[in-house]
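Here's upload_15.cif, which has mmCIF, C-alpha atoms:
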data_coords
loop_
_atom_site.label_atom_id
_atom_site.label_comp_id
_atom_site.auth_asym_id
_atom_site.auth_seq_id
_atom_site.Cartn_x
_atom_site.Cartn_y
_atom_site.Cartn_z
CA ALA A 24 167.59 124.06 37.20
CA SER A 25 171.31 123.59 37.76
CA HIS A 26 171.10 120.15 36.16
CA GLU A 27 169.35 121.56 33.08
CA LEU A 28 171.89 124.38 32.75
CA ARG A 29 174.83 122.01 33.15
CA THR A 30 174.16 120.29 29.81
CA PRO A 31 174.42 123.37 27.51
CA LEU A 32 177.31 124.77 29.54
CA THR A 33 179.18 121.47 29.17
CA ILE A 34 178.63 121.60 25.40
CA ILE A 35 179.95 125.16 25.24
CA ARG A 36 183.06 124.31 27.25
CA ALA A 37 183.77 121.16 25.20
CA GLU A 38 183.41 122.95 21.87
CA ILE A 39 185.69 125.81 22.95
CA ASP A 40 188.29 123.41 24.39
CA VAL A 41 188.40 121.50 21.10
CA ALA A 42 188.80 124.72 19.11
CA LEU A 43 191.61 125.98 21.37
CA SER A 44 193.49 122.68 21.18
CA ASP A 45 193.41 122.52 17.36
CA PRO A 46 195.27 125.44 15.72
CA ASP A 47 194.61 123.92 12.29
CA MET A 48 190.84 123.83 12.63
CA SER A 49 189.19 124.54 9.28
CA ARG A 50 186.60 127.24 8.64
CA ASP A 51 183.87 124.59 8.28
CA GLU A 52 184.83 123.09 11.64
CA LEU A 53 184.80 126.53 13.24
CA GLU A 54 181.34 127.20 11.83
CA GLU A 55 180.08 123.87 13.21
CA MET A 56 181.54 124.77 16.59
CA GLY A 57 179.91 128.20 16.45
CA THR A 58 176.53 126.69 15.60
CA ALA A 59 176.74 124.22 18.51
CA VAL A 60 177.71 126.97 20.95
CA ASN A 61 174.95 129.24 19.66
CA GLU A 62 172.32 126.52 20.14
CA ALA A 63 173.59 125.83 23.67
CA VAL A 64 173.41 129.54 24.53
CA ASP A 65 169.85 129.75 23.15
CA ARG A 66 168.84 126.79 25.31
CA SER A 67 170.36 128.38 28.41
CA GLU A 68 168.61 131.71 27.72
CA HIS A 69 165.29 129.91 27.22
CA LEU A 70 165.61 128.15 30.58
CA ILE A 71 166.59 131.34 32.39
CA GLY A 72 163.65 133.16 30.79
CA SER A 73 161.25 130.42 31.91
CA LEU A 74 162.57 130.54 35.47
CA LEU A 75 162.18 134.33 35.54
CA THR A 76 158.58 133.98 34.34
CA LEU A 77 157.87 131.52 37.15
CA ALA A 78 159.35 133.92 39.70
CA GLN A 79 157.36 136.82 38.25
CA ALA A 80 154.12 134.79 38.40
CA GLU A 81 154.65 134.17 42.10
CA SER A 82 154.64 137.91 42.83
CA THR A 83 151.60 140.19 42.61
CA PRO A 84 150.71 140.74 38.92
CA VAL A 85 150.20 144.22 37.51
CA GLN A 86 146.48 145.00 37.38
CA THR A 87 145.59 146.08 33.83
CA TYR A 88 142.28 145.69 31.98
CA LEU A 89 142.87 143.15 29.19
CA ASP A 90 141.01 140.88 26.78
CA LEU A 91 142.15 137.26 26.87
CA ALA A 92 140.87 136.85 23.30
CA GLU A 93 143.14 139.61 21.98
CA ILE A 94 146.15 138.23 23.85
CA THR A 95 145.49 134.71 22.59
CA SER A 96 145.01 135.88 19.01
CA LYS A 97 148.53 137.33 18.95
CA GLU A 98 149.98 134.10 20.32
CA VAL A 99 148.10 132.09 17.68
CA ASP A 100 149.76 134.20 14.98
CA LEU A 101 153.18 133.28 16.41
CA THR A 102 152.48 129.53 16.11
CA THR A 103 151.02 129.60 12.59
CA SER A 104 154.25 128.87 10.74
CA GLU A 105 155.17 125.85 12.88
CA ALA A 106 151.60 124.51 12.78
CA ASP A 107 151.49 124.83 8.99
CA SER A 108 154.79 122.97 8.62
CA LEU A 109 153.22 120.02 10.47
CA GLY A 110 150.01 120.18 8.47
CA LEU A 111 147.92 120.93 11.55
CA ARG A 112 144.34 122.11 11.19
CA LEU A 113 143.32 124.99 13.47
CA GLU A 114 139.83 125.48 14.89
CA LEU A 115 139.60 129.03 16.23
CA ASP A 116 136.78 130.65 18.20
CA LEU A 117 137.91 133.76 20.06
CA GLN A 118 135.09 135.52 21.88
CA PRO A 119 135.73 138.49 24.22
CA ALA A 120 137.04 137.41 27.63
CA PRO A 121 137.75 140.52 29.78
CA VAL A 122 140.19 140.05 32.66
CA VAL A 123 142.45 142.10 34.90
CA GLY A 124 146.09 141.11 35.05
CA GLU A 125 149.58 141.41 33.62
CA ARG A 126 149.86 141.20 29.84
CA SER A 127 153.32 139.61 29.70
CA LEU A 128 152.33 136.79 32.03
CA LEU A 129 148.99 136.09 30.36
CA SER A 130 150.69 136.12 26.96
CA ARG A 131 153.22 133.57 28.18
CA MET A 132 150.39 131.45 29.62
CA ALA A 133 148.53 131.37 26.30
CA GLY A 134 151.75 130.97 24.32
CA ASN A 135 152.86 127.97 26.36
CA LEU A 136 149.51 126.25 25.85
CA LEU A 137 149.69 126.80 22.09
CA GLU A 138 153.31 125.68 21.83
CA ASN A 139 152.42 122.54 23.76
CA ALA A 140 149.44 121.84 21.49
CA VAL A 141 151.54 122.23 18.33
CA ARG A 142 154.78 120.54 19.35
CA HIS A 143 153.22 117.53 21.02
CA ASN A 144 150.84 116.82 18.18
CA ILE A 145 150.89 114.40 15.24
CA PRO A 146 151.44 115.17 11.54
CA ASP A 147 148.22 116.30 9.84
CA GLY A 148 146.52 116.55 13.23
CA TRP A 149 144.46 119.40 14.65
CA PHE A 150 144.30 121.84 17.54
CA SER A 151 141.54 124.14 18.72
CA VAL A 152 141.66 127.44 20.60
CA LYS A 153 138.63 129.06 22.23
CA THR A 154 138.05 132.02 24.53
CA GLY A 155 134.87 133.40 26.04
CA VAL A 156 132.90 134.00 29.22
CA ALA A 157 131.15 131.33 31.28
CA GLY A 158 129.20 132.86 34.16
CA ASP A 159 131.64 134.92 36.19
CA ARG A 160 134.72 133.36 34.60
CA ALA A 161 136.81 134.25 31.57
CA VAL A 162 137.80 131.02 29.85
CA LEU A 163 140.62 129.90 27.56
CA GLU A 164 140.43 126.36 26.16
CA VAL A 165 143.15 124.68 24.10
CA ALA A 166 142.79 121.13 22.80
CA ASN A 167 144.87 119.08 20.39
CA SER A 168 145.27 115.70 18.80
CA GLY A 169 148.36 113.72 19.71
CA PRO A 170 149.70 110.57 21.36
CA VAL A 171 147.75 109.05 24.23
CA VAL A 172 148.84 110.47 27.60
CA SER A 173 148.94 107.93 30.43
CA SER A 174 147.12 108.62 33.70
CA GLU A 175 150.51 108.63 35.48
CA ASP A 176 151.90 111.30 33.16
CA ALA A 177 148.67 113.32 33.30
CA GLY A 178 148.96 113.62 37.07
CA ARG A 179 152.48 115.03 36.80
CA LEU A 180 152.27 117.38 33.81
CA PHE A 181 152.13 120.47 36.05
CA GLU A 182 155.29 119.47 37.94
CA ARG A 183 158.34 121.58 37.19
CA PHE A 184 160.92 119.88 34.96
CA TYR A 185 158.70 116.81 34.39
CA ARG A 186 158.87 115.47 30.82
CA PRO A 187 156.76 112.45 29.80
CA ASP A 188 159.02 111.88 26.76
CA LYS A 189 162.48 113.18 27.60
CA SER A 190 164.02 112.46 24.19
CA ARG A 191 161.29 114.28 22.29
CA SER A 192 161.25 117.18 24.76
CA ARG A 193 164.98 117.72 24.45
CA LYS A 194 164.71 117.65 20.67
CA THR A 195 162.11 120.43 20.75
CA GLY A 196 164.03 122.38 23.39
CA GLY A 197 161.57 121.72 26.21
CA PHE A 198 162.46 121.74 29.90
CA GLY A 199 159.20 120.50 31.36
CA LEU A 200 158.30 124.02 32.55
CA GLY A 201 155.58 124.96 30.05
CA LEU A 202 152.51 123.74 31.92
CA SER A 203 153.91 124.60 35.35
CA ILE A 204 154.21 128.19 34.13
CA VAL A 205 150.62 128.03 32.85
CA LYS A 206 149.39 126.91 36.26
CA SER A 207 151.48 129.49 38.15
CA VAL A 208 150.21 132.36 35.99
CA ALA A 209 146.59 131.24 36.28
CA THR A 210 146.91 130.91 40.06
CA ALA A 211 148.53 134.35 40.35
CA HIS A 212 145.49 135.81 38.56
CA GLY A 213 142.98 134.11 40.86
CA GLY A 214 142.24 131.31 38.42
CA TRP A 215 142.72 127.60 37.99
CA VAL A 216 143.57 125.02 35.34
CA GLU A 217 141.63 121.91 34.33
CA LEU A 218 143.28 119.18 32.29
CA ASP A 219 141.81 116.18 30.52
CA THR A 220 143.51 113.39 28.55
CA PRO A 221 141.04 111.88 26.03
CA ALA A 222 141.28 108.15 25.42
CA THR A 223 141.79 108.91 21.72
CA GLY A 224 144.96 110.88 22.50
CA GLY A 225 146.02 114.48 22.81
CA LEU A 226 145.24 116.94 25.56
CA PHE A 227 142.49 119.34 26.64
CA VAL A 228 143.36 122.27 28.90
CA ARG A 229 140.90 124.82 30.28
CA ILE A 230 142.01 128.03 31.99
CA SER A 231 139.43 129.81 34.13
CA LEU A 232 140.08 133.37 35.38
CA PRO A 233 137.83 135.90 37.15
CA VAL A 234 135.96 137.91 34.55
CA THR A 235 135.80 141.69 34.85
CA ARG A 236 132.86 143.55 33.39
CA ALA A 237 134.04 146.95 34.61
CA THR A 238 136.04 149.40 32.57
CA PRO A 239 138.75 151.62 34.00
CA ALA A 240 137.50 155.01 35.09
CA LYS A 241 138.67 157.99 33.06
CA PRO A 242 140.84 160.46 34.98
CA PRO A 243 139.19 163.82 35.62
CA ALA A 244 140.01 166.56 33.14
CA ASP A 245 142.73 168.96 34.24
CA ARG A 246 141.44 172.29 35.42
CA GLU A 247 143.33 175.52 35.51
CA SER A 248 143.89 176.87 38.98
CA GLY A 249 141.54 179.73 39.90
CA SER A 250 138.87 178.72 37.38
#
Mind turning the file's structure into structure tokens?
Amino acid sequence: ASHELRTPLTIIRAEIDVALSDPDMSRDELEEMGTAVNEAVDRSEHLIGSLLTLAQAESTPVQTYLDLAEITSKEVDLTTSEADSLGLRLELDLQPAPVVGERSLLSRMAGNLLENAVRHNIPDGWFSVKTGVAGDRAVLEVANSGPVVSSEDAGRLFERFYRPDKSRSRKTGGFGLGLSIVKSVATAHGGWVELDTPATGGLFVRISLPVTRATPAKPPADRESGS
């Protein structure tokens, strides 16, 4: 984490030092400096947010009745613009998948899977998103086209800070924490993650969580004292 933070902090310091040492810096140069600093700050905030999510996932999640389909649907909406810009075709099948857990963590789990499927894809490719119930498990499946993933990389994708393609990951702002967060959130909710790397390329990820068929009990109606 300190290594990842050092890069944007070094950029910020260098840009500010240059600005302070040049009293004749033009407005255009100042704007370029501001843009570089802003991007470095965004990268630092993204890393800190990811680390906080990991820490939160390792504590006991809030127990709330939720539908994994509804959570996933909202995350799909957030990726639509980026997917469209790449010409990606979406196959969507969201069936009810009732679970008990913490909304913010499950949203981040689904969001990370979708971001991974979109950003590590190929132009004019595809990705599919499915939710539903299989036996006593609520299931979320995300698959996508993309480059072939080697068996060595596949075995390390859940490691924190591991990036199969460091240059591409840095370009897209990745830290190698996306899938490790997915696994941590699933584990915190009593679930597990299955991953497959098709020979044709891309990735298939299946999240399995305990299904809940119960509904929260309604609190008793208030009664006036003495009635």
* **Which residue of A:Ile94, A:Leu218, A:Val123, A:Ile35 approaches A:Asp176 most closely, using only C-alpha atoms** => A:Leu218
Could you tell me which residues the PyMOL selection byres ((chain A and resi 161-175) around 6) grabs in this file, written as a JSON list (two decimals) with C-alpha atoms, keeping the file's coordinate frame?
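The resulting part_37.json:
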[["chain", "number", "residue", "atom", "x", "y", "z"],
["A", 120, "ALA", "CA", 137.04, 137.41, 27.63],
["A", 140, "ALA", "CA", 149.44, 121.84, 21.49],
["A", 144, "ASN", "CA", 150.84, 116.82, 18.18],
["A", 145, "ILE", "CA", 150.89, 114.40, 15.24],
["A", 148, "GLY", "CA", 146.52, 116.55, 13.23],
["A", 149, "TRP", "CA", 144.46, 119.40, 14.65],
["A", 150, "PHE", "CA", 144.30, 121.84, 17.54],
["A", 151, "SER", "CA", 141.54, 124.14, 18.72],
["A", 152, "VAL", "CA", 141.66, 127.44, 20.60],
["A", 153, "LYS", "CA", 138.63, 129.06, 22.23],
["A", 154, "THR", "CA", 138.05, 132.02, 24.53],
["A", 155, "GLY", "CA", 134.87, 133.40, 26.04],
["A", 156, "VAL", "CA", 132.90, 134.00, 29.22],
["A", 160, "ARG", "CA", 134.72, 133.36, 34.60],
["A", 176, "ASP", "CA", 151.90, 111.30, 33.16],
["A", 177, "ALA", "CA", 148.67, 113.32, 33.30],
["A", 178, "GLY", "CA", 148.96, 113.62, 37.07],
["A", 224, "GLY", "CA", 144.96, 110.88, 22.50],
["A", 225, "GLY", "CA", 146.02, 114.48, 22.81],
["A", 226, "LEU", "CA", 145.24, 116.94, 25.56],
["A", 227, "PHE", "CA", 142.49, 119.34, 26.64],
["A", 228, "VAL", "CA", 143.36, 122.27, 28.90],
["A", 229, "ARG", "CA", 140.90, 124.82, 30.28],
["A", 230, "ILE", "CA", 142.01, 128.03, 31.99],
["A", 231, "SER", "CA", 139.43, 129.81, 34.13],
["A", 232, "LEU", "CA", 140.08, 133.37, 35.38],
["A", 233, "PRO", "CA", 137.83, 135.90, 37.15],
["A", 234, "VAL", "CA", 135.96, 137.91, 34.55]]
* Report as a list in words the residues that result from applying the PyMOL selection byres ((chain A and resi 52-65) around 8) to the structure here. => Pro31, Leu32, Ile34, Ile35, Glu38, Ile39, Ala42, Met48, Ser49, Arg50, Asp51, Arg66, Ser67, Glu68 and His69 of chain A
* Asked: Closest to A:Asn139 among A:Arg236, A:Val85, A:Ala92, A:Glu105, using all atoms listed in the file?
  -> A:Glu105
Please return the centre and edge lengths, in Å to one decimal, of a box with edges along x, y and z that contains all listed atoms of stretch 213-224 of chain A, widened by 8 Å on every side, as AutoDock Vina command-line options.
--center_x 143.0 --center_y 121.1 --center_z 31.3 --size_x 19.9 --size_y 42.0 --size_z 35.1
* **Which residue of A:Ser104, A:Leu91, A:Glu98, A:Ala133 approaches A:Leu117 most closely, using only C-alpha atoms** =>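 Using only C-alpha atoms, the shortest distance to A:Leu117 belongs to A:Leu91.
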Would you mind completing stretch 212-223 of chain A so that it carries all heavy atoms, and writing it out as a PDB file, in the frame of the given file?
ATOM      1  N   HIS A 212     146.599 134.952  38.997  1.00  0.00           N
ATOM      2  CA  HIS A 212     145.490 135.810  38.560  1.00  0.00           C
ATOM      3  C   HIS A 212     144.155 135.348  39.140  1.00  0.00           C
ATOM      4  O   HIS A 212     143.086 135.712  38.630  1.00  0.00           O
ATOM      5  CB  HIS A 212     145.420 135.845  37.031  1.00  0.00           C
ATOM      6  CG  HIS A 212     146.511 136.643  36.397  1.00  0.00           C
ATOM      7  ND1 HIS A 212     147.778 136.161  36.213  1.00  0.00           N
ATOM      8  CD2 HIS A 212     146.534 137.923  35.911  1.00  0.00           C
ATOM      9  CE1 HIS A 212     148.542 137.085  35.641  1.00  0.00           C
ATOM     10  NE2 HIS A 212     147.814 138.163  35.441  1.00  0.00           N
ATOM     11  N   GLY A 213     144.203 134.558  40.199  1.00  0.00           N
ATOM     12  CA  GLY A 213     142.980 134.110  40.860  1.00  0.00           C
ATOM     13  C   GLY A 213     142.214 133.049  40.113  1.00  0.00           C
ATOM     14  O   GLY A 213     141.008 132.886  40.295  1.00  0.00           O
ATOM     15  N   GLY A 214     142.916 132.320  39.230  1.00  0.00           N
ATOM     16  CA  GLY A 214     142.240 131.310  38.420  1.00  0.00           C
ATOM     17  C   GLY A 214     142.718 129.911  38.707  1.00  0.00           C
ATOM     18  O   GLY A 214     143.444 129.659  39.677  1.00  0.00           O
ATOM     19  N   TRP A 215     142.295 128.993  37.858  1.00  0.00           N
ATOM     20  CA  TRP A 215     142.720 127.600  37.990  1.00  0.00           C
ATOM     21  C   TRP A 215     142.796 126.949  36.612  1.00  0.00           C
ATOM     22  O   TRP A 215     142.348 127.512  35.616  1.00  0.00           O
ATOM     23  CB  TRP A 215     141.768 126.826  38.898  1.00  0.00           C
ATOM     24  CG  TRP A 215     140.339 126.830  38.470  1.00  0.00           C
ATOM     25  CD1 TRP A 215     139.764 126.101  37.463  1.00  0.00           C
ATOM     26  CD2 TRP A 215     139.271 127.605  39.039  1.00  0.00           C
ATOM     27  NE1 TRP A 215     138.425 126.366  37.360  1.00  0.00           N
ATOM     28  CE2 TRP A 215     138.092 127.272  38.322  1.00  0.00           C
ATOM     29  CE3 TRP A 215     139.195 128.529  40.083  1.00  0.00           C
ATOM     30  CZ2 TRP A 215     136.860 127.841  38.626  1.00  0.00           C
ATOM     31  CZ3 TRP A 215     137.963 129.091  40.382  1.00  0.00           C
ATOM     32  CH2 TRP A 215     136.819 128.759  39.653  1.00  0.00           C
ATOM     33  N   VAL A 216     143.367 125.763  36.582  1.00  0.00           N
ATOM     34  CA  VAL A 216     143.570 125.020  35.340  1.00  0.00           C
ATOM     35  C   VAL A 216     142.922 123.648  35.460  1.00  0.00           C
ATOM     36  O   VAL A 216     143.100 122.962  36.464  1.00  0.00           O
ATOM     37  CB  VAL A 216     145.072 124.847  35.016  1.00  0.00           C
ATOM     38  CG1 VAL A 216     145.248 124.185  33.648  1.00  0.00           C
ATOM     39  CG2 VAL A 216     145.801 126.175  35.064  1.00  0.00           C
ATOM     40  N   GLU A 217     142.187 123.266  34.417  1.00  0.00           N
ATOM     41  CA  GLU A 217     141.630 121.910  34.330  1.00  0.00           C
ATOM     42  C   GLU A 217     142.280 121.202  33.152  1.00  0.00           C
ATOM     43  O   GLU A 217     142.477 121.808  32.099  1.00  0.00           O
ATOM     44  CB  GLU A 217     140.114 121.963  34.134  1.00  0.00           C
ATOM     45  CG  GLU A 217     139.364 122.651  35.263  1.00  0.00           C
ATOM     46  CD  GLU A 217     137.900 122.833  34.914  1.00  0.00           C
ATOM     47  OE1 GLU A 217     137.152 121.822  34.916  1.00  0.00           O
ATOM     48  OE2 GLU A 217     137.520 123.979  34.605  1.00  0.00           O
ATOM     49  N   LEU A 218     142.607 119.942  33.331  1.00  0.00           N
ATOM     50  CA  LEU A 218     143.280 119.180  32.290  1.00  0.00           C
ATOM     51  C   LEU A 218     142.589 117.840  32.092  1.00  0.00           C
ATOM     52  O   LEU A 218     142.214 117.177  33.068  1.00  0.00           O
ATOM     53  CB  LEU A 218     144.749 118.974  32.671  1.00  0.00           C
ATOM     54  CG  LEU A 218     145.665 118.253  31.682  1.00  0.00           C
ATOM     55  CD1 LEU A 218     147.075 118.839  31.759  1.00  0.00           C
ATOM     56  CD2 LEU A 218     145.728 116.758  31.992  1.00  0.00           C
ATOM     57  N   ASP A 219     142.427 117.463  30.829  1.00  0.00           N
ATOM     58  CA  ASP A 219     141.810 116.180  30.520  1.00  0.00           C
ATOM     59  C   ASP A 219     142.640 115.490  29.431  1.00  0.00           C
ATOM     60  O   ASP A 219     143.174 116.147  28.535  1.00  0.00           O
ATOM     61  CB  ASP A 219     140.371 116.373  30.031  1.00  0.00           C
ATOM     62  CG  ASP A 219     139.665 115.039  29.817  1.00  0.00           C
ATOM     63  OD1 ASP A 219     139.902 114.108  30.612  1.00  0.00           O
ATOM     64  OD2 ASP A 219     138.884 114.915  28.851  1.00  0.00           O
ATOM     65  N   THR A 220     142.751 114.173  29.535  1.00  0.00           N
ATOM     66  CA  THR A 220     143.510 113.390  28.550  1.00  0.00           C
ATOM     67  C   THR A 220     142.541 112.412  27.875  1.00  0.00           C
ATOM     68  O   THR A 220     142.284 111.328  28.417  1.00  0.00           O
ATOM     69  CB  THR A 220     144.659 112.623  29.220  1.00  0.00           C
ATOM     70  OG1 THR A 220     144.149 111.837  30.316  1.00  0.00           O
ATOM     71  CG2 THR A 220     145.684 113.590  29.762  1.00  0.00           C
ATOM     72  N   PRO A 221     141.994 112.764  26.722  1.00  0.00           N
ATOM     73  CA  PRO A 221     141.040 111.880  26.030  1.00  0.00           C
ATOM     74  C   PRO A 221     141.650 110.522  25.710  1.00  0.00           C
ATOM     75  O   PRO A 221     142.856 110.410  25.460  1.00  0.00           O
ATOM     76  CB  PRO A 221     140.725 112.660  24.738  1.00  0.00           C
ATOM     77  CG  PRO A 221     141.053 114.090  25.061  1.00  0.00           C
ATOM     78  CD  PRO A 221     142.213 114.025  26.002  1.00  0.00           C
ATOM     79  N   ALA A 222     140.810 109.507  25.708  1.00  0.00           N
ATOM     80  CA  ALA A 222     141.280 108.150  25.420  1.00  0.00           C
ATOM     81  C   ALA A 222     141.802 108.032  23.992  1.00  0.00           C
ATOM     82  O   ALA A 222     142.613 107.157  23.686  1.00  0.00           O
ATOM     83  CB  ALA A 222     140.137 107.153  25.642  1.00  0.00           C
ATOM     84  N   THR A 223     141.347 108.944  23.118  1.00  0.00           N
ATOM     85  CA  THR A 223     141.790 108.910  21.720  1.00  0.00           C
ATOM     86  C   THR A 223     143.154 109.586  21.530  1.00  0.00           C
ATOM     87  O   THR A 223     143.721 109.532  20.444  1.00  0.00           O
ATOM     88  CB  THR A 223     140.762 109.626  20.825  1.00  0.00           C
ATOM     89  OG1 THR A 223     140.508 110.945  21.346  1.00  0.00           O
ATOM     90  CG2 THR A 223     139.449 108.844  20.796  1.00  0.00           C
TER      91      THR A 223
END
